[in-house]
Amino acid sequence: MNILSLQYVLFSLGSAFFSWIFHNKTRKYLVLLANLIFLVLISSSPINGIYVLVLCIYIFLGQKISAKKEDRKILILLCVLPVLGLAFFKYAGFFTGTSILMPLGISFYTFRAISFLTEVHKKTVPVQDPVSLIDYICFFPFFMAGPIQRPQPFFDALNSPFVFDYRKQKNGFLQMCLGLFEKLVIADFLKSVTDRFYAPGLSGIYTVIAVILYAFYIYADFDSYSNTAIGIARMMGFDSARNFHAPYCSSSLMEFWKRWHISLSSWLRDYIYIPLGGSRRGKARKYLNILIVFLVSGMWHGNTMMFLLWGLGHGILNIIENIIASFFRGQSWVRVLKPLLVIINFALAALLWVPFQSASMADTVSVFSRLSPVNLASFDPAAAGLVINEWYLCLAIVLVLVITDILRYRWDMIEVLAGRFILLRWGFYAVLIAIAIIFGVYGPGYHPEDFIYVTF
Amino acid sequence: MSLSEDRAPMHAESAPKRLRIRKAVWTGLVIFCKGILALVITVALWVVLTPYFRLDRTYDGDYFRNLPEHTVDVIALGSSHIQYAFNPANFFAETGYYSYVLGSSCQPFSESYYMLKEALKTQHPSVVLLDVFTLLPQSQVCYADGTYYLAMDMMSEPVRTEAAGGLPKDMDFDTKLSYTLDLYMNHGNWKRMNFADPQSILNTALAKEGYSWDMGYVREQPTILQYTPLTTFAVTETVTLSEEEKLWIDRIADLCRENEIHLLYLKTPYLENQEDANKLDAIWKYLDEKGYPYIDFIARAAELEWFMDMDGDTWHNNTWGAEIVTRHLAEVLKNNGWLKEHKEEEMMELLMKTGMQKSARDLLSKSNINIYRLMEEGAKYPCTILFRYKGNEEKSSIGEYENQALNDLGLHHDFLNHKEEDYYAVVKDGELLKDGNEPFEMTLSDHKITLSEDDIKVENASVGTPGELQIVFLDDEFSWINPLGIDYSSRWFWKNGCDGWNCG
């Protein structure tokens, strides 16, 4: 079963429906059943299921030790094994030159496991029974690519009776649909256009456009996954905070990381940055901690030097930003510069996606070297194999993405929509369905791109 | 009093429960109704929009692109006129060369140009045939009824995008927009096929009637032949070609020249009108001026014995019409020496032979077709022939021509010198399986065949009107039977060039 399939949507709706029926103590067994079915359906190799179940057993046994022993070293030791497991699957191939099949979702559930052990150690989460624990580690909407949900809200929801709230269910359903729309209509279209602008032989303005479009593409791709996952979880009675909060509206990279893949960045903050001392041990240590966090983030994303470079780039720029910001802290006139800072910040984030998406250093250098000279007058979309209407459509899609982001930054758009007149609402749905039918990349013969983050 | 006091708490408990149930039922109904409404909207929009925006048609270009490289000898381009008029199976039967129709509905010249460019990535044909219909005024209907979208069906997204650059400048905005949107809709069923196993493709390909594994040729069943001549129009007005039209004619010619391909422009026979005739004249004049070869099948219809009965719908040839057009083209290409030595390929052979079987069914299963034509086709296309001849010294009227035609079918008998001898034979795909001067029985493809003195039977059932001479054409798998009985006393049709039903 593919996440971008009708089977997955039906499976998710079925799981939500049964959550409404088995809403009391049996709920966790229902969630367990759904998770196990999901694991079986997505796994092409038994290694997925075996590894995650071994990890669950390990966490189940480890939680008791973690809860009893006050010593932090015990916790660190307990966390080492899952990290080694993750490192093995991520890096063994890199060092040995052989191809090793990485269990699906390992990066995400390893972080959830560490999160759980730490919270049990801190006594913010009680020791869990095996069923609840498997439910948490393998919760299917978040299994493949997050968000990396924290244990406490999850167990609170799992252990409380599910109260059916029509509006909440409807909003969850809409969020799932909008997520799929964002992926199949927006992200995949942007991907195809980006690839064409990245074509060998094109440079200058074409490469600049490719870099910009890739930034929007990766955002649309991952945000769509998060929205789909959060929508499904909401329908099953598990609330999750937003994973993206208009990241490209940020005026600094520090702010960007508070809005981009929020569940990962907050995880890195809470379980790496703060335990390392955060900003409490002087500036030099703070900068070192920042660098470490971003290097870990880079290593978590992938096993090539390019991801490390991407993490390093973000780390260094964050440090520089910290230093510059310390000179201007408290000065209100800086706010005037915010639009300019947003543009600069977007440019930096977009440029840093270049090593992130490149297979090698040579590719990265090639893209950077092709960024100039920029000659707007000579721009012709046909050079990238686009007819003019296709180009306008691309601009319209980016514009829609930016506008909806700004609106989402201020309001919960689904709630805003829910308050509109019924004809307006259903008219809007009909327009979205029509757009999805016309532009959607799905069905026989179409080949939707996999979600980028599923591969991490 | 005490009773009512006792009852009161019960009411207090059951009322909220009842309310809850009512609320749950109501919510369930609301969800159900909204779900139905959403489904209705989705299905309605799907039905309305998919014909234009989600192409679930067959993508002939994809099939074409996955043929073995450099195996196609002739590519036919143009509108549906060429799709119906050029049959690669006929061409194979005539020449042994492989061809493919890359024409598509209303295919404009700009599109033909990009089609050919794309085709040349995997193939290097000796000859390109290009029908000029989309330069004619009647082709304007393509722009009105939306079939212009179909022109883009056949190629991949990048090529369609590239081809869109060649959209006519005067096309209205709405059509242009719809056309462009159409470009995004790319399918690739071929990606799911196993090309290492050609037979599996034939079995599983999502072929649409007339497309794909008929090598781009679209079939139209033969109509009843009455030999109605094609109406033609004399030129009444001198018209000129636009610069854009000339540009595309030249571009295609240049592309062929650069790739050392012989290009032959043509107009397949169809019912033209005055405007088309005037424009066609202008096209031929321009081609003459440039020295580009062409064939005007409208002008040559009578000479080639192409009649309106060989047309399907006034625009498109039926199978018989296609056979005549293709046979003539094969003759021209052979005579000019334009067909180079070709590469034989297992998959292409399979495709062509499958096409030939379909052509045989179309050509030989019609009982109202001229006997001479039937004999000619029977010698070329895979079929089984059951033959019974009752010797007669006087009346058989078998001359040299007929004798040769019968022997070309696979019969081994001298009907000129042994007119009086009875003769019985069974021929399969040109191979004589059994013959003799005495009646016999045999089993073929699990079917019992009986050739007796006065009849031919299959599975003990007479297969047609008995006569003194009987020829039965049938499919190798016995899926169709076309019997022909000849009674010497009533039919004297063994006369060269004469249809027996009309000859005295």
# chains A, B, ... in the order shown; residues from 1 in each chain; ligands from 1

$ closest_atom_pairs --of "chain A" --to "chain B" --cutoff "12 Å" --atoms "only C-alpha atoms" --output "JSON lines"
{"residue": "A:Phe17", "atom": "CA", "partner": "B:Gly28", "partner_atom": "CA", "distance": 11.2}
{"residue": "A:Trp20", "atom": "CA", "partner": "B:Ala24", "partner_atom": "CA", "distance": 11.0}
{"residue": "A:Ile21", "atom": "CA", "partner": "B:Ala24", "partner_atom": "CA", "distance": 11.4}
{"residue": "A:Val163", "atom": "CA", "partner": "B:Ala24", "partner_atom": "CA", "distance": 11.7}
{"residue": "A:Phe164", "atom": "CA", "partner": "B:Ala24", "partner_atom": "CA", "distance": 9.2}
{"residue": "A:Asp165", "atom": "CA", "partner": "B:Thr27", "partner_atom": "CA", "distance": 9.8}
{"residue": "A:Tyr166", "atom": "CA", "partner": "B:Thr27", "partner_atom": "CA", "distance": 7.4}
{"residue": "A:Arg167", "atom": "CA", "partner": "B:Thr27", "partner_atom": "CA", "distance": 10.5}
{"residue": "A:Gln169", "atom": "CA", "partner": "B:Ile31", "partner_atom": "CA", "distance": 10.2}
{"residue": "A:Lys170", "atom": "CA", "partner": "B:Ile31", "partner_atom": "CA", "distance": 9.0}
{"residue": "A:Phe173", "atom": "CA", "partner": "B:Gly35", "partner_atom": "CA", "distance": 11.4}
{"residue": "A:Leu174", "atom": "CA", "partner": "B:Ala38", "partner_atom": "CA", "distance": 12.0}
{"residue": "A:Val185", "atom": "CA", "partner": "B:Tyr184", "partner_atom": "CA", "distance": 11.4}
{"residue": "A:Asp188", "atom": "CA", "partner": "B:Tyr184", "partner_atom": "CA", "distance": 11.5}
{"residue": "A:Phe189", "atom": "CA", "partner": "B:Tyr184", "partner_atom": "CA", "distance": 9.1}
{"residue": "A:Ser192", "atom": "CA", "partner": "B:Tyr184", "partner_atom": "CA", "distance": 10.0}
{"residue": "A:Val193", "atom": "CA", "partner": "B:Pro158", "partner_atom": "CA", "distance": 10.9}
{"residue": "A:Asp195", "atom": "CA", "partner": "B:Pro158", "partner_atom": "CA", "distance": 11.7}
{"residue": "A:Arg196", "atom": "CA", "partner": "B:Pro158", "partner_atom": "CA", "distance": 9.4}
{"residue": "A:Pro381", "atom": "CA", "partner": "B:Gly165", "partner_atom": "CA", "distance": 11.0}
{"residue": "A:Ala382", "atom": "CA", "partner": "B:Glu162", "partner_atom": "CA", "distance": 7.9}
{"residue": "A:Ala383", "atom": "CA", "partner": "B:Glu162", "partner_atom": "CA", "distance": 9.8}
{"residue": "A:Ala384", "atom": "CA", "partner": "B:Glu162", "partner_atom": "CA", "distance": 9.8}
{"residue": "A:Gly385", "atom": "CA", "partner": "B:Glu162", "partner_atom": "CA", "distance": 6.2}
{"residue": "A:Leu386", "atom": "CA", "partner": "B:Thr161", "partner_atom": "CA", "distance": 6.3}
{"residue": "A:Val387", "atom": "CA", "partner": "B:Thr161", "partner_atom": "CA", "distance": 6.3}
{"residue": "A:Ile388", "atom": "CA", "partner": "B:Thr180", "partner_atom": "CA", "distance": 9.0}
{"residue": "A:Asn389", "atom": "CA", "partner": "B:Thr180", "partner_atom": "CA", "distance": 6.8}
{"residue": "A:Glu390", "atom": "CA", "partner": "B:Thr180", "partner_atom": "CA", "distance": 7.4}
{"residue": "A:Trp391", "atom": "CA", "partner": "B:Thr180", "partner_atom": "CA", "distance": 10.9}
{"residue": "A:Tyr392", "atom": "CA", "partner": "B:Leu177", "partner_atom": "CA", "distance": 11.1}
{"residue": "A:Leu393", "atom": "CA", "partner": "B:Leu181", "partner_atom": "CA", "distance": 9.6}
{"residue": "A:Ile422", "atom": "CA", "partner": "B:Lys34", "partner_atom": "CA", "distance": 11.5}
{"residue": "A:Arg425", "atom": "CA", "partner": "B:Ala38", "partner_atom": "CA", "distance": 11.8}
{"residue": "A:Trp426", "atom": "CA", "partner": "B:Ala38", "partner_atom": "CA", "distance": 8.6}
{"residue": "A:Gly427", "atom": "CA", "partner": "B:Ile41", "partner_atom": "CA", "distance": 10.0}
{"residue": "A:Phe428", "atom": "CA", "partner": "B:Ile41", "partner_atom": "CA", "distance": 11.6}
{"residue": "A:Tyr429", "atom": "CA", "partner": "B:Ala38", "partner_atom": "CA", "distance": 8.4}
{"residue": "A:Ala430", "atom": "CA", "partner": "B:Ile41", "partner_atom": "CA", "distance": 6.7}
{"residue": "A:Val431", "atom": "CA", "partner": "B:Leu45", "partner_atom": "CA", "distance": 9.5}
{"residue": "A:Leu432", "atom": "CA", "partner": "B:Thr42", "partner_atom": "CA", "distance": 10.0}
{"residue": "A:Ile433", "atom": "CA", "partner": "B:Thr42", "partner_atom": "CA", "distance": 6.5}
{"residue": "A:Ala434", "atom": "CA", "partner": "B:Leu45", "partner_atom": "CA", "distance": 6.2}
{"residue": "A:Ile435", "atom": "CA", "partner": "B:Leu49", "partner_atom": "CA", "distance": 9.9}
{"residue": "A:Ala436", "atom": "CA", "partner": "B:Trp46", "partner_atom": "CA", "distance": 9.9}
{"residue": "A:Ile437", "atom": "CA", "partner": "B:Trp46", "partner_atom": "CA", "distance": 6.6}
{"residue": "A:Ile438", "atom": "CA", "partner": "B:Phe53", "partner_atom": "CA", "distance": 5.3}
{"residue": "A:Phe439", "atom": "CA", "partner": "B:Tyr184", "partner_atom": "CA", "distance": 7.3}
{"residue": "A:Gly440", "atom": "CA", "partner": "B:Met185", "partner_atom": "CA", "distance": 9.0}
{"residue": "A:Val441", "atom": "CA", "partner": "B:Met185", "partner_atom": "CA", "distance": 8.4}
{"residue": "A:Tyr442", "atom": "CA", "partner": "B:Arg54", "partner_atom": "CA", "distance": 10.1}
{"residue": "A:Gly443", "atom": "CA", "partner": "B:His187", "partner_atom": "CA", "distance": 9.4}
{"residue": "A:Pro444", "atom": "CA", "partner": "B:His187", "partner_atom": "CA", "distance": 7.5}
{"residue": "A:Gly445", "atom": "CA", "partner": "B:His187", "partner_atom": "CA", "distance": 4.2}
{"residue": "A:Tyr446", "atom": "CA", "partner": "B:His187", "partner_atom": "CA", "distance": 5.7}
{"residue": "A:His447", "atom": "CA", "partner": "B:His187", "partner_atom": "CA", "distance": 8.5}
{"residue": "A:Pro448", "atom": "CA", "partner": "B:His187", "partner_atom": "CA", "distance": 11.6}

$ write_last_selection --atoms "C-alpha atoms" --output "short mmCIF file (atom, residue, chain, number, x, y, z; two decimals), in the first residue's frame"
data_model
loop_
_atom_site.label_atom_id
_atom_site.label_comp_id
_atom_site.auth_asym_id
_atom_site.auth_seq_id
_atom_site.Cartn_x
_atom_site.Cartn_y
_atom_site.Cartn_z
CA PHE A 17 -14.78 5.21 11.79
CA TRP A 20 -15.77 6.35 16.87
CA ILE A 21 -17.30 2.96 17.63
CA VAL A 163 -15.72 11.90 22.44
CA PHE A 164 -17.15 12.34 18.99
CA ASP A 165 -17.09 15.96 17.96
CA TYR A 166 -18.59 16.46 14.52
CA ARG A 167 -16.75 19.70 13.79
CA GLN A 169 -13.95 15.20 12.68
CA LYS A 170 -14.97 17.29 9.72
CA PHE A 173 -11.18 15.12 7.18
CA LEU A 174 -10.79 18.44 5.39
CA VAL A 185 -1.82 19.06 -7.40
CA ASP A 188 4.00 17.34 -7.94
CA PHE A 189 3.37 20.09 -10.44
CA SER A 192 7.93 18.72 -12.72
CA VAL A 193 8.49 22.42 -13.45
CA ASP A 195 13.13 19.67 -12.89
CA ARG A 196 12.73 21.40 -16.21
CA PRO A 381 9.82 29.78 -20.40
CA ALA A 382 10.01 27.83 -23.66
CA ALA A 383 13.73 27.37 -23.04
CA ALA A 384 12.75 25.22 -20.06
CA GLY A 385 10.20 23.39 -22.18
CA LEU A 386 7.24 25.29 -20.78
CA VAL A 387 4.49 26.87 -22.80
CA ILE A 388 3.46 30.28 -21.58
CA ASN A 389 0.24 29.07 -19.94
CA GLU A 390 2.20 26.47 -18.05
CA TRP A 391 4.47 29.19 -16.76
CA TYR A 392 1.51 31.32 -15.70
CA LEU A 393 0.05 28.30 -13.97
CA ILE A 422 -23.00 26.68 2.97
CA ARG A 425 -18.26 26.39 1.22
CA TRP A 426 -19.52 23.70 -1.11
CA GLY A 427 -18.73 25.85 -4.11
CA PHE A 428 -15.18 26.07 -2.83
CA TYR A 429 -15.02 22.30 -2.37
CA ALA A 430 -16.35 21.79 -5.91
CA VAL A 431 -13.68 24.11 -7.32
CA LEU A 432 -10.96 22.21 -5.45
CA ILE A 433 -12.32 18.87 -6.71
CA ALA A 434 -12.39 20.21 -10.28
CA ILE A 435 -8.81 21.47 -9.97
CA ALA A 436 -7.75 18.11 -8.55
CA ILE A 437 -9.41 16.30 -11.46
CA ILE A 438 -7.73 18.53 -14.01
CA PHE A 439 -4.26 18.81 -12.54
CA GLY A 440 -3.99 15.98 -10.05
CA VAL A 441 -1.15 13.54 -10.53
CA TYR A 442 -2.88 10.28 -9.57
CA GLY A 443 -4.56 7.28 -11.05
CA PRO A 444 -3.44 4.82 -13.71
CA GLY A 445 -0.68 6.14 -15.85
CA TYR A 446 0.24 9.00 -13.56
CA HIS A 447 3.32 8.75 -11.47
CA PRO A 448 3.17 10.87 -8.35
#

$ residues_around --residues "B:Glu237" --least-positions-apart "5" --cutoff "9 Å" --atoms "only C-alpha atoms" --output "PyMOL selection string"
chain B and resi 275+278-279

$ residues_around --residues "B:Asp281" --least-positions-apart "3" --cutoff "9 Å" --atoms "only C-alpha atoms" --output "list in words"
Val235, Thr238, Val239, Asp276, Ala277, Asn278, Trp284, Lys285 and Tyr286 of chain B

$ write_last_selection --atoms "C-alpha atoms" --output "mmCIF file, in the first residue's frame"
data_model
loop_
_atom_site.group_PDB
_atom_site.id
_atom_site.type_symbol
_atom_site.label_atom_id
_atom_site.label_comp_id
_atom_site.auth_asym_id
_atom_site.auth_seq_id
_atom_site.Cartn_x
_atom_site.Cartn_y
_atom_site.Cartn_z
ATOM 1 C CA VAL B 235 -10.886 24.194 -59.398
ATOM 2 C CA THR B 238 -7.116 30.283 -57.113
ATOM 3 C CA VAL B 239 -6.203 30.302 -53.456
ATOM 4 C CA ASP B 276 -11.194 21.864 -50.323
ATOM 5 C CA ALA B 277 -10.667 21.253 -54.029
ATOM 6 C CA ASN B 278 -9.450 24.821 -54.523
ATOM 7 C CA TRP B 284 -0.204 20.632 -55.137
ATOM 8 C CA LYS B 285 1.029 23.723 -56.937
ATOM 9 C CA TYR B 286 3.237 24.635 -54.014
#

$ select_by_dssp --residues "stretch 65-127 of chain A" --states "alpha helix (DSSP H)" --output "PyMOL selection string"
chain A and resi 65-68+72-96+106-121

$ atom_distance --atom1 "atom CA of A:Ser107" --atom2 "atom CA of A:Trp300"
6.9 Å

$ atom_distance --atom1 "atom CA of A:Tyr136" --atom2 "atom CA of A:Arg27"
13.0 Å

$ residues_around --residues "A:His261" --least-positions-apart "2" --cutoff "8 Å" --atoms "only C-alpha atoms" --output "MDAnalysis selection string"
chainID A and resid 147 243:244 257:259 263:265

$ write_last_selection --atoms "C-alpha atoms" --output "PDB file, in the first residue's frame"
ATOM      1  CA  PRO A 147       5.294  14.654  12.800  1.00  0.00           C
ATOM      2  CA  ASN A 243       4.288  20.981  11.773  1.00  0.00           C
ATOM      3  CA  PHE A 244       4.737  24.058   9.589  1.00  0.00           C
ATOM      4  CA  TRP A 257      13.454  26.736  12.353  1.00  0.00           C
ATOM      5  CA  LYS A 258      10.682  27.575  14.759  1.00  0.00           C
ATOM      6  CA  ARG A 259       8.250  27.302  11.858  1.00  0.00           C
ATOM      7  CA  SER A 263       8.119  18.705  15.599  1.00  0.00           C
ATOM      8  CA  LEU A 264      11.716  17.903  14.580  1.00  0.00           C
ATOM      9  CA  SER A 265      13.230  21.252  15.485  1.00  0.00           C
TER      10      SER A 265
END

$ atom_distance --atom1 "atom CA of A:Leu351" --atom2 "atom CA of A:Phe197"
15.2 Å

$ residues_around --residues "stretch 87-98 of chain B" --least-positions-apart "6" --cutoff "10 Å" --atoms "only C-alpha atoms" --output "NGL selection string"
:B and (71-76 or 125 or 214-219 or 319 or 321-331 or 333-334 or 339-345 or 348-349 or 351-360 or 377 or 379-382)

$ write_last_selection --atoms "C-alpha atoms" --output "mmCIF file, in the first residue's frame"
data_model
loop_
_atom_site.group_PDB
_atom_site.id
_atom_site.type_symbol
_atom_site.label_atom_id
_atom_site.label_comp_id
_atom_site.auth_asym_id
_atom_site.auth_seq_id
_atom_site.Cartn_x
_atom_site.Cartn_y
_atom_site.Cartn_z
ATOM 1 C CA THR B 71 12.558 -1.437 -37.251
ATOM 2 C CA VAL B 72 9.835 0.776 -38.708
ATOM 3 C CA ASP B 73 10.380 1.291 -42.433
ATOM 4 C CA VAL B 74 7.478 3.613 -43.165
ATOM 5 C CA ILE B 75 5.777 6.143 -40.920
ATOM 6 C CA ALA B 76 2.418 7.604 -41.901
ATOM 7 C CA PRO B 125 12.242 5.049 -41.493
ATOM 8 C CA ASP B 214 -3.100 -2.324 -35.166
ATOM 9 C CA MET B 215 -0.039 -0.145 -35.575
ATOM 10 C CA GLY B 216 -2.007 3.038 -35.491
ATOM 11 C CA TYR B 217 -4.427 1.933 -38.193
ATOM 12 C CA VAL B 218 -8.115 2.465 -37.485
ATOM 13 C CA ARG B 219 -10.561 0.037 -39.028
ATOM 14 C CA THR B 319 -11.023 -1.547 -44.855
ATOM 15 C CA GLY B 321 -10.587 1.568 -49.323
ATOM 16 C CA ALA B 322 -7.523 1.355 -47.124
ATOM 17 C CA GLU B 323 -6.451 -1.785 -48.924
ATOM 18 C CA ILE B 324 -6.576 0.010 -52.270
ATOM 19 C CA VAL B 325 -4.756 3.115 -51.020
ATOM 20 C CA THR B 326 -2.108 1.089 -49.204
ATOM 21 C CA ARG B 327 -1.567 -1.250 -52.135
ATOM 22 C CA HIS B 328 -0.997 1.663 -54.448
ATOM 23 C CA LEU B 329 1.388 3.306 -52.012
ATOM 24 C CA ALA B 330 3.283 0.037 -51.681
ATOM 25 C CA GLU B 331 3.574 -0.156 -55.450
ATOM 26 C CA LEU B 333 7.396 3.024 -52.981
ATOM 27 C CA LYS B 334 8.619 -0.280 -54.417
ATOM 28 C CA LEU B 339 12.270 1.109 -49.401
ATOM 29 C CA LYS B 340 15.705 0.269 -48.108
ATOM 30 C CA GLU B 341 16.809 -3.082 -46.807
ATOM 31 C CA HIS B 342 15.011 -3.614 -43.557
ATOM 32 C CA LYS B 343 15.773 -5.188 -40.227
ATOM 33 C CA GLU B 344 13.631 -8.205 -39.449
ATOM 34 C CA GLU B 345 12.407 -8.338 -35.913
ATOM 35 C CA MET B 348 7.362 -6.534 -35.482
ATOM 36 C CA GLU B 349 6.612 -9.753 -37.340
ATOM 37 C CA LEU B 351 2.492 -7.309 -34.764
ATOM 38 C CA MET B 352 2.223 -7.357 -38.531
ATOM 39 C CA LYS B 353 0.907 -10.904 -38.632
ATOM 40 C CA THR B 354 -1.667 -10.087 -35.970
ATOM 41 C CA GLY B 355 -2.656 -7.108 -38.095
ATOM 42 C CA MET B 356 -2.869 -9.324 -41.145
ATOM 43 C CA GLN B 357 -5.235 -11.709 -39.404
ATOM 44 C CA LYS B 358 -7.521 -8.795 -38.584
ATOM 45 C CA SER B 359 -7.282 -7.530 -42.144
ATOM 46 C CA ALA B 360 -8.089 -10.978 -43.472
ATOM 47 C CA GLU B 377 -6.686 -11.228 -50.802
ATOM 48 C CA ALA B 379 -3.562 -15.419 -51.600
ATOM 49 C CA LYS B 380 -2.035 -12.756 -49.351
ATOM 50 C CA TYR B 381 -3.735 -12.966 -45.999
ATOM 51 C CA PRO B 382 -3.772 -15.827 -43.527
#

$ residues_around --residues "B:Leu129" --least-positions-apart "6" --cutoff "9 Å" --atoms "only C-alpha atoms" --output "ChimeraX atom specification"
/B:74-78,82,262-266

$ closest_residue --among "B:Ala405, B:Leu416, B:Val472, B:Val458" --to "B:Lys428" --atoms "only C-alpha atoms"
B:Val472
